[in-house]
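Novice: See my_file.pdb below, with PDB, C-alpha atoms.
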```pdb
ATOM      1  CA  MET A   1     -17.236  -9.154  24.258
ATOM      2  CA  MET A   2     -14.726  -9.200  27.104
ATOM      3  CA  PRO A   3     -12.600 -12.360  27.453
ATOM      4  CA  LEU A   4     -13.734 -13.037  31.036
ATOM      5  CA  LEU A   5     -17.412 -12.766  30.101
ATOM      6  CA  LYS A   6     -16.846 -15.115  27.134
ATOM      7  CA  LYS A   7     -15.198 -17.628  29.442
ATOM      8  CA  GLN A   8     -18.066 -17.380  31.928
ATOM      9  CA  ILE A   9     -20.676 -17.820  29.192
ATOM     10  CA  ARG A  10     -18.824 -20.862  27.810
ATOM     11  CA  PHE A  11     -18.806 -22.399  31.295
ATOM     12  CA  LEU A  12     -22.529 -21.722  31.768
ATOM     13  CA  VAL A  13     -23.402 -23.155  28.341
ATOM     14  CA  ALA A  14     -21.303 -26.259  29.048
ATOM     15  CA  LEU A  15     -22.939 -26.741  32.454
ATOM     16  CA  ALA A  16     -26.414 -26.276  30.977
ATOM     17  CA  ALA A  17     -25.551 -28.824  28.271
ATOM     18  CA  VAL A  18     -24.385 -31.348  30.893
ATOM     19  CA  LEU A  19     -27.629 -30.887  32.821
ATOM     20  CA  ILE A  20     -29.790 -31.197  29.697
ATOM     21  CA  VAL A  21     -27.937 -34.253  28.360
ATOM     22  CA  THR A  22     -28.089 -35.880  31.807
ATOM     23  CA  GLU A  23     -31.849 -35.274  31.926
ATOM     24  CA  ALA A  24     -32.270 -36.655  28.403
ATOM     25  CA  ILE A  25     -30.412 -39.833  29.405
ATOM     26  CA  ASN A  26     -32.506 -40.011  32.568
ATOM     27  CA  VAL A  27     -35.747 -39.697  30.574
ATOM     28  CA  PHE A  28     -34.685 -42.396  28.099
ATOM     29  CA  THR A  29     -33.710 -44.752  30.934
ATOM     30  CA  GLY A  30     -36.998 -44.279  32.811
ATOM     31  CA  ASN A  31     -35.317 -42.138  35.500
ATOM     32  CA  GLY A  32     -32.654 -44.815  35.891
ATOM     33  CA  LEU A  33     -30.038 -42.251  36.879
ATOM     34  CA  ASN A  34     -32.065 -41.219  39.919
ATOM     35  CA  GLN A  35     -30.481 -44.146  41.747
ATOM     36  CA  PHE A  36     -27.605 -41.681  42.167
ATOM     37  CA  GLY A  37     -29.816 -39.348  44.194
ATOM     38  CA  LEU A  38     -29.175 -38.674  47.853
ATOM     39  CA  ILE A  39     -30.927 -40.881  50.415
ATOM     40  CA  PRO A  40     -30.568 -39.559  53.968
ATOM     41  CA  ARG A  41     -28.561 -41.606  56.433
ATOM     42  CA  GLU A  42     -27.784 -44.399  53.963
ATOM     43  CA  LEU A  43     -23.990 -44.608  53.849
ATOM     44  CA  PRO A  44     -23.727 -45.905  50.248
ATOM     45  CA  SER A  45     -25.681 -42.804  49.186
ATOM     46  CA  LEU A  46     -23.271 -40.309  50.783
ATOM     47  CA  PRO A  47     -21.043 -39.791  47.697
ATOM     48  CA  PHE A  48     -24.185 -38.855  45.777
ATOM     49  CA  ILE A  49     -24.096 -35.389  47.349
ATOM     50  CA  PHE A  50     -22.058 -34.621  44.219
ATOM     51  CA  THR A  51     -24.422 -36.284  41.717
ATOM     52  CA  ALA A  52     -27.894 -35.514  43.103
ATOM     53  CA  PRO A  53     -27.859 -31.846  41.975
ATOM     54  CA  PHE A  54     -27.363 -32.963  38.363
ATOM     55  CA  LEU A  55     -30.437 -35.224  38.394
ATOM     56  CA  HIS A  56     -34.067 -34.203  38.017
ATOM     57  CA  GLY A  57     -37.412 -35.924  38.214
ATOM     58  CA  SER A  58     -38.577 -34.572  34.865
ATOM     59  CA  PRO A  59     -37.630 -32.109  32.124
ATOM     60  CA  THR A  60     -40.005 -29.601  33.767
ATOM     61  CA  HIS A  61     -38.159 -30.012  37.061
ATOM     62  CA  LEU A  62     -34.874 -29.271  35.272
ATOM     63  CA  MET A  63     -36.285 -26.261  33.432
ATOM     64  CA  THR A  64     -37.571 -24.682  36.655
ATOM     65  CA  ASN A  65     -34.044 -24.894  38.084
ATOM     66  CA  LEU A  66     -31.993 -24.080  34.992
ATOM     67  CA  LEU A  67     -32.573 -20.344  34.520
ATOM     68  CA  PRO A  68     -32.136 -19.290  38.168
ATOM     69  CA  LEU A  69     -29.144 -21.636  38.480
ATOM     70  CA  MET A  70     -27.404 -20.094  35.466
ATOM     71  CA  LEU A  71     -28.182 -16.556  36.627
ATOM     72  CA  PHE A  72     -27.067 -17.124  40.213
ATOM     73  CA  ILE A  73     -23.902 -18.952  39.127
ATOM     74  CA  TRP A  74     -23.008 -16.098  36.789
ATOM     75  CA  LEU A  75     -23.623 -13.518  39.516
ATOM     76  CA  SER A  76     -21.574 -15.574  41.987
ATOM     77  CA  MET A  77     -18.706 -15.694  39.488
ATOM     78  CA  GLN A  78     -18.358 -11.930  39.845
ATOM     79  CA  TRP A  79     -16.535 -12.482  43.141
ATOM     80  CA  GLY A  80     -13.692 -14.212  41.263
ATOM     81  CA  ASN A  81     -12.695 -17.808  40.536
ATOM     82  CA  ARG A  82     -11.369 -18.689  43.984
ATOM     83  CA  THR A  83     -14.431 -17.422  45.824
ATOM     84  CA  PHE A  84     -16.778 -18.965  43.254
ATOM     85  CA  TRP A  85     -15.233 -22.443  43.485
ATOM     86  CA  LEU A  86     -14.942 -22.362  47.281
ATOM     87  CA  THR A  87     -18.566 -21.239  47.435
ATOM     88  CA  THR A  88     -19.655 -24.001  45.069
ATOM     89  CA  LEU A  89     -17.828 -26.649  47.106
ATOM     90  CA  THR A  90     -19.271 -25.282  50.352
ATOM     91  CA  ILE A  91     -22.814 -25.391  48.941
ATOM     92  CA  PHE A  92     -22.331 -28.944  47.639
ATOM     93  CA  LEU A  93     -20.980 -30.135  50.980
ATOM     94  CA  MET A  94     -23.251 -28.216  53.363
ATOM     95  CA  GLY A  95     -26.382 -28.786  51.285
ATOM     96  CA  GLY A  96     -25.672 -32.451  50.678
ATOM     97  CA  LEU A  97     -24.506 -33.270  54.198
ATOM     98  CA  GLY A  98     -27.430 -31.375  55.721
ATOM     99  CA  VAL A  99     -29.892 -33.382  53.634
ATOM    100  CA  TRP A 100     -28.025 -36.625  54.299
ATOM    101  CA  LEU A 101     -28.037 -36.037  58.064
ATOM    102  CA  PHE A 102     -31.462 -34.466  58.574
ATOM    103  CA  GLY A 103     -33.583 -35.021  55.439
ATOM    104  CA  ARG A 104     -36.746 -37.072  55.155
ATOM    105  CA  HIS A 105     -36.250 -40.629  53.957
ATOM    106  CA  ALA A 106     -36.656 -40.141  50.209
ATOM    107  CA  VAL A 107     -34.473 -39.827  47.133
ATOM    108  CA  HIS A 108     -33.410 -36.170  47.041
ATOM    109  CA  ILE A 109     -32.456 -34.875  43.588
ATOM    110  CA  GLY A 110     -32.328 -31.594  41.701
ATOM    111  CA  ALA A 111     -30.263 -28.465  41.342
ATOM    112  CA  SER A 112     -32.562 -26.395  43.546
ATOM    113  CA  GLY A 113     -30.275 -26.931  46.541
ATOM    114  CA  MET A 114     -27.513 -25.293  44.521
ATOM    115  CA  VAL A 115     -29.898 -22.535  43.401
ATOM    116  CA  TYR A 116     -30.749 -21.807  47.020
ATOM    117  CA  GLY A 117     -27.084 -22.006  47.969
ATOM    118  CA  TYR A 118     -26.061 -19.376  45.440
ATOM    119  CA  PHE A 119     -29.116 -17.346  46.469
ATOM    120  CA  GLY A 120     -27.957 -17.383  50.107
ATOM    121  CA  PHE A 121     -24.441 -16.487  49.019
ATOM    122  CA  LEU A 122     -25.635 -13.584  46.877
ATOM    123  CA  LEU A 123     -27.858 -12.187  49.625
ATOM    124  CA  LEU A 124     -24.995 -11.886  52.107
ATOM    125  CA  ALA A 125     -21.835 -11.571  50.000
ATOM    126  CA  GLY A 126     -22.395  -7.975  48.909
ATOM    127  CA  PHE A 127     -22.852  -6.854  52.498
ATOM    128  CA  ARG A 128     -19.761  -8.827  53.599
ATOM    129  CA  SER A 129     -17.644  -7.226  50.880
ATOM    130  CA  LYS A 130     -18.915  -3.675  51.543
ATOM    131  CA  ARG A 131     -18.170  -2.861  47.895
ATOM    132  CA  VAL A 132     -20.838  -0.990  45.956
ATOM    133  CA  PRO A 133     -21.077  -3.234  42.851
ATOM    134  CA  TYR A 134     -21.492  -6.307  45.058
ATOM    135  CA  LEU A 135     -23.932  -4.530  47.362
ATOM    136  CA  ILE A 136     -26.039  -3.708  44.302
ATOM    137  CA  ILE A 137     -26.083  -7.397  43.322
ATOM    138  CA  SER A 138     -27.155  -8.410  46.848
ATOM    139  CA  VAL A 139     -29.911  -5.803  47.008
ATOM    140  CA  LEU A 140     -31.239  -6.669  43.523
ATOM    141  CA  VAL A 141     -31.238 -10.400  44.302
ATOM    142  CA  ALA A 142     -33.085  -9.698  47.570
ATOM    143  CA  LEU A 143     -35.667  -7.512  45.838
ATOM    144  CA  LEU A 144     -36.220  -9.699  42.780
ATOM    145  CA  TYR A 145     -35.902 -13.145  44.346
ATOM    146  CA  GLY A 146     -36.598 -12.603  48.050
ATOM    147  CA  GLY A 147     -39.791 -14.620  47.767
ATOM    148  CA  MET A 148     -37.619 -17.701  47.341
ATOM    149  CA  LEU A 149     -37.169 -17.716  51.100
ATOM    150  CA  PHE A 150     -40.576 -19.383  51.374
ATOM    151  CA  GLY A 151     -39.047 -22.352  49.532
ATOM    152  CA  ILE A 152     -37.050 -23.343  52.598
ATOM    153  CA  LEU A 153     -40.323 -24.198  54.329
ATOM    154  CA  PRO A 154     -41.944 -27.633  54.036
ATOM    155  CA  THR A 155     -44.879 -26.735  51.791
ATOM    156  CA  LYS A 156     -45.092 -29.671  49.347
ATOM    157  CA  ALA A 157     -44.486 -33.325  50.163
ATOM    158  CA  PHE A 158     -42.652 -34.035  46.894
ATOM    159  CA  VAL A 159     -40.310 -31.005  47.083
ATOM    160  CA  SER A 160     -37.026 -31.344  48.963
ATOM    161  CA  PHE A 161     -37.278 -28.259  51.135
ATOM    162  CA  GLU A 162     -34.335 -29.815  52.977
ATOM    163  CA  TYR A 163     -32.092 -29.270  49.951
ATOM    164  CA  HIS A 164     -33.402 -25.707  49.712
ATOM    165  CA  LEU A 165     -32.780 -25.065  53.407
ATOM    166  CA  PHE A 166     -29.341 -26.655  53.701
ATOM    167  CA  GLY A 167     -28.215 -25.292  50.336
ATOM    168  CA  PHE A 168     -29.244 -21.811  51.492
ATOM    169  CA  ILE A 169     -27.375 -22.286  54.789
ATOM    170  CA  GLY A 170     -24.327 -23.464  52.828
ATOM    171  CA  GLY A 171     -24.459 -20.341  50.657
ATOM    172  CA  VAL A 172     -24.710 -18.044  53.669
ATOM    173  CA  ILE A 173     -21.783 -19.847  55.321
ATOM    174  CA  ALA A 174     -19.791 -19.546  52.088
ATOM    175  CA  ALA A 175     -20.422 -15.795  51.934
ATOM    176  CA  TRP A 176     -19.356 -15.450  55.539
ATOM    177  CA  ALA A 177     -16.259 -17.612  55.082
ATOM    178  CA  TRP A 178     -14.974 -16.702  51.630
ATOM    179  CA  VAL A 179     -15.937 -13.067  51.035
ATOM    180  CA  LYS A 180     -13.668 -10.466  52.578
TER     181      LYS A 180
END
```
Could you write out this file's structure as structure tokens?
Specialist:
Amino acid sequence: MMPLLKKQIRFLVALAAVLIVTEAINVFTGNGLNQFGLIPRELPSLPFIFTAPFLHGSPTHLMTNLLPLMLFIWLSMQWGNRTFWLTTLTIFLMGGLGVWLFGRHAVHIGASGMVYGYFGFLLLAGFRSKRVPYLIISVLVALLYGGMLFGILPTKAFVSFEYHLFGFIGGVIAAWAWVK
């Protein structure tokens, strides 16, 4: 296996382990960690834009986010470390700030905002780069996961479509800003 791929897989496994251990702690504390979720327009909650994506309402909630998150992170890593980390920071900030400024008054948690952020990035980044391997990634993501776009609509009261929407916007902005 190539050294870069090994490094990427180690990162993904470590991230998945952090998410799973965090959820296990959350389950054993009766969702006690969810106090670090994002509550719109409450100033003490603002720093939680960096913790909310690591928290989930249940193990099922985590599992529905985990596979697409790992896949989209790995695909986003193909643009290189600098672009990946700038994209990740942009998604965290744009997704979190968007929810904090405009979200419904609720505790917003879950990695789906990050999933949608990487999804938005992957849709546009290949076209921004104009390079065939990246174009193929963008087209495949659009074909296989294009239905995710419906997730940015307010369809279920208990789902933070706001995190989906603002994460997606953050990913699109990241592709526009960081992919040459």
Novice: Just checking: using all atoms listed in the file, which residue out of A:Ile91, A:Leu5, A:Leu153, A:Ile20 ends up closest to A:Thr60?
Specialist: A:Ile20
Novice: Spell out the residues picked by the PyMOL selection byres ((chain A and resi 124-130) around 10) here, as a ChimeraX atom specification.
Specialist: /A:76,79,118-123,131-139,142,171-180
Novice: What would the selection look like, as a PDB file with C-alpha atoms, in the frame of the given file, if the PyMOL selection byres ((chain A and resi 22) around 12) were run on the coordinates I just shared?
Specialist:
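Written out: out_18.pdb:
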```pdb
ATOM      1  CA  LEU A  15     -22.939 -26.741  32.454  1.00  0.00           C
ATOM      2  CA  ALA A  16     -26.414 -26.276  30.977  1.00  0.00           C
ATOM      3  CA  ALA A  17     -25.551 -28.824  28.271  1.00  0.00           C
ATOM      4  CA  VAL A  18     -24.385 -31.348  30.893  1.00  0.00           C
ATOM      5  CA  LEU A  19     -27.629 -30.887  32.821  1.00  0.00           C
ATOM      6  CA  ILE A  20     -29.790 -31.197  29.697  1.00  0.00           C
ATOM      7  CA  VAL A  21     -27.937 -34.253  28.360  1.00  0.00           C
ATOM      8  CA  GLU A  23     -31.849 -35.274  31.926  1.00  0.00           C
ATOM      9  CA  ALA A  24     -32.270 -36.655  28.403  1.00  0.00           C
ATOM     10  CA  ILE A  25     -30.412 -39.833  29.405  1.00  0.00           C
ATOM     11  CA  ASN A  26     -32.506 -40.011  32.568  1.00  0.00           C
ATOM     12  CA  VAL A  27     -35.747 -39.697  30.574  1.00  0.00           C
ATOM     13  CA  PHE A  28     -34.685 -42.396  28.099  1.00  0.00           C
ATOM     14  CA  THR A  29     -33.710 -44.752  30.934  1.00  0.00           C
ATOM     15  CA  ASN A  31     -35.317 -42.138  35.500  1.00  0.00           C
ATOM     16  CA  GLY A  32     -32.654 -44.815  35.891  1.00  0.00           C
ATOM     17  CA  LEU A  33     -30.038 -42.251  36.879  1.00  0.00           C
ATOM     18  CA  ASN A  34     -32.065 -41.219  39.919  1.00  0.00           C
ATOM     19  CA  PHE A  36     -27.605 -41.681  42.167  1.00  0.00           C
ATOM     20  CA  THR A  51     -24.422 -36.284  41.717  1.00  0.00           C
ATOM     21  CA  ALA A  52     -27.894 -35.514  43.103  1.00  0.00           C
ATOM     22  CA  PRO A  53     -27.859 -31.846  41.975  1.00  0.00           C
ATOM     23  CA  PHE A  54     -27.363 -32.963  38.363  1.00  0.00           C
ATOM     24  CA  LEU A  55     -30.437 -35.224  38.394  1.00  0.00           C
ATOM     25  CA  HIS A  56     -34.067 -34.203  38.017  1.00  0.00           C
ATOM     26  CA  GLY A  57     -37.412 -35.924  38.214  1.00  0.00           C
ATOM     27  CA  SER A  58     -38.577 -34.572  34.865  1.00  0.00           C
ATOM     28  CA  PRO A  59     -37.630 -32.109  32.124  1.00  0.00           C
ATOM     29  CA  LEU A  62     -34.874 -29.271  35.272  1.00  0.00           C
ATOM     30  CA  GLY A 110     -32.328 -31.594  41.701  1.00  0.00           C
TER      31      GLY A 110
END
```
Novice: Using Å and a single decimal, report how far atom CA of A:Gly167 sits from atom CA of A:Ala111.
Specialist: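 That distance, rounded to one decimal, is 9.8 Å.
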Novice: Please indicate the distance in Å from atom CA of A:Ile152 to atom CA of A:Met63, rounded to one decimal place.
Specialist: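 Between these atoms lies a distance of 19.4 Å.
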Novice: Kindly list the centre and edge lengths in Å, rounded to one decimal, for the axis-aligned box that covers all listed atoms of stretch 42-46 of chain A plus 6 Å on each of its six sides, as JSON.
Specialist:
```
{"center_x": -25.5, "center_y": -43.1, "center_z": 51.6, "size_x": 16.5, "size_y": 17.6, "size_z": 16.8}
```
Novice: Determine the nearest neighbour of A:Phe92 from the options A:Lys156, A:His61, A:His164, A:Arg41, counting all atoms listed in the file.
Specialist: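 Once distances to A:Phe92 are computed over all atoms listed in the file, the minimum belongs to A:His164.
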Novice: What does the distance between atom CA of A:Val107 and atom CA of A:Phe11 come to in Å, to one decimal place?
Specialist: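 Atom CA of A:Phe11 lies 28.3 Å from atom CA of A:Val107.
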Novice: In terms of the shortest atom-to-atom distance over all atoms listed in the file, which of A:Trp100, A:Phe161, A:Pro154, A:Phe72 is closest to A:Leu140?
Specialist: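 For A:Leu140, the nearest of the given residues is A:Phe72.
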Novice: Could you state which residues are captured by the PyMOL selection byres ((chain A and resi 163) around 9) in this file, as JSON, numbers by chain?
Specialist: {"A": [95, 96, 98, 99, 103, 108, 109, 110, 111, 112, 113, 114, 116, 152, 159, 160, 161, 162, 164, 165, 166, 167, 168]}
Novice: With distances taken over all atoms listed in the file, which residue among A:His105, A:Gly170, A:Leu75, A:Gly151 lies nearest A:Ser45?
Specialist: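 Looking at the shortest contact to A:Ser45, the residue is A:His105.
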Novice: When distances are computed from all atoms listed in the file, which of A:Ala157, A:Leu66, A:Leu93, A:Leu144 shows the smallest separation from A:Phe48?
Specialist: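 When distances to A:Phe48 are compared using all atoms listed in the file, the smallest one comes from A:Leu93.
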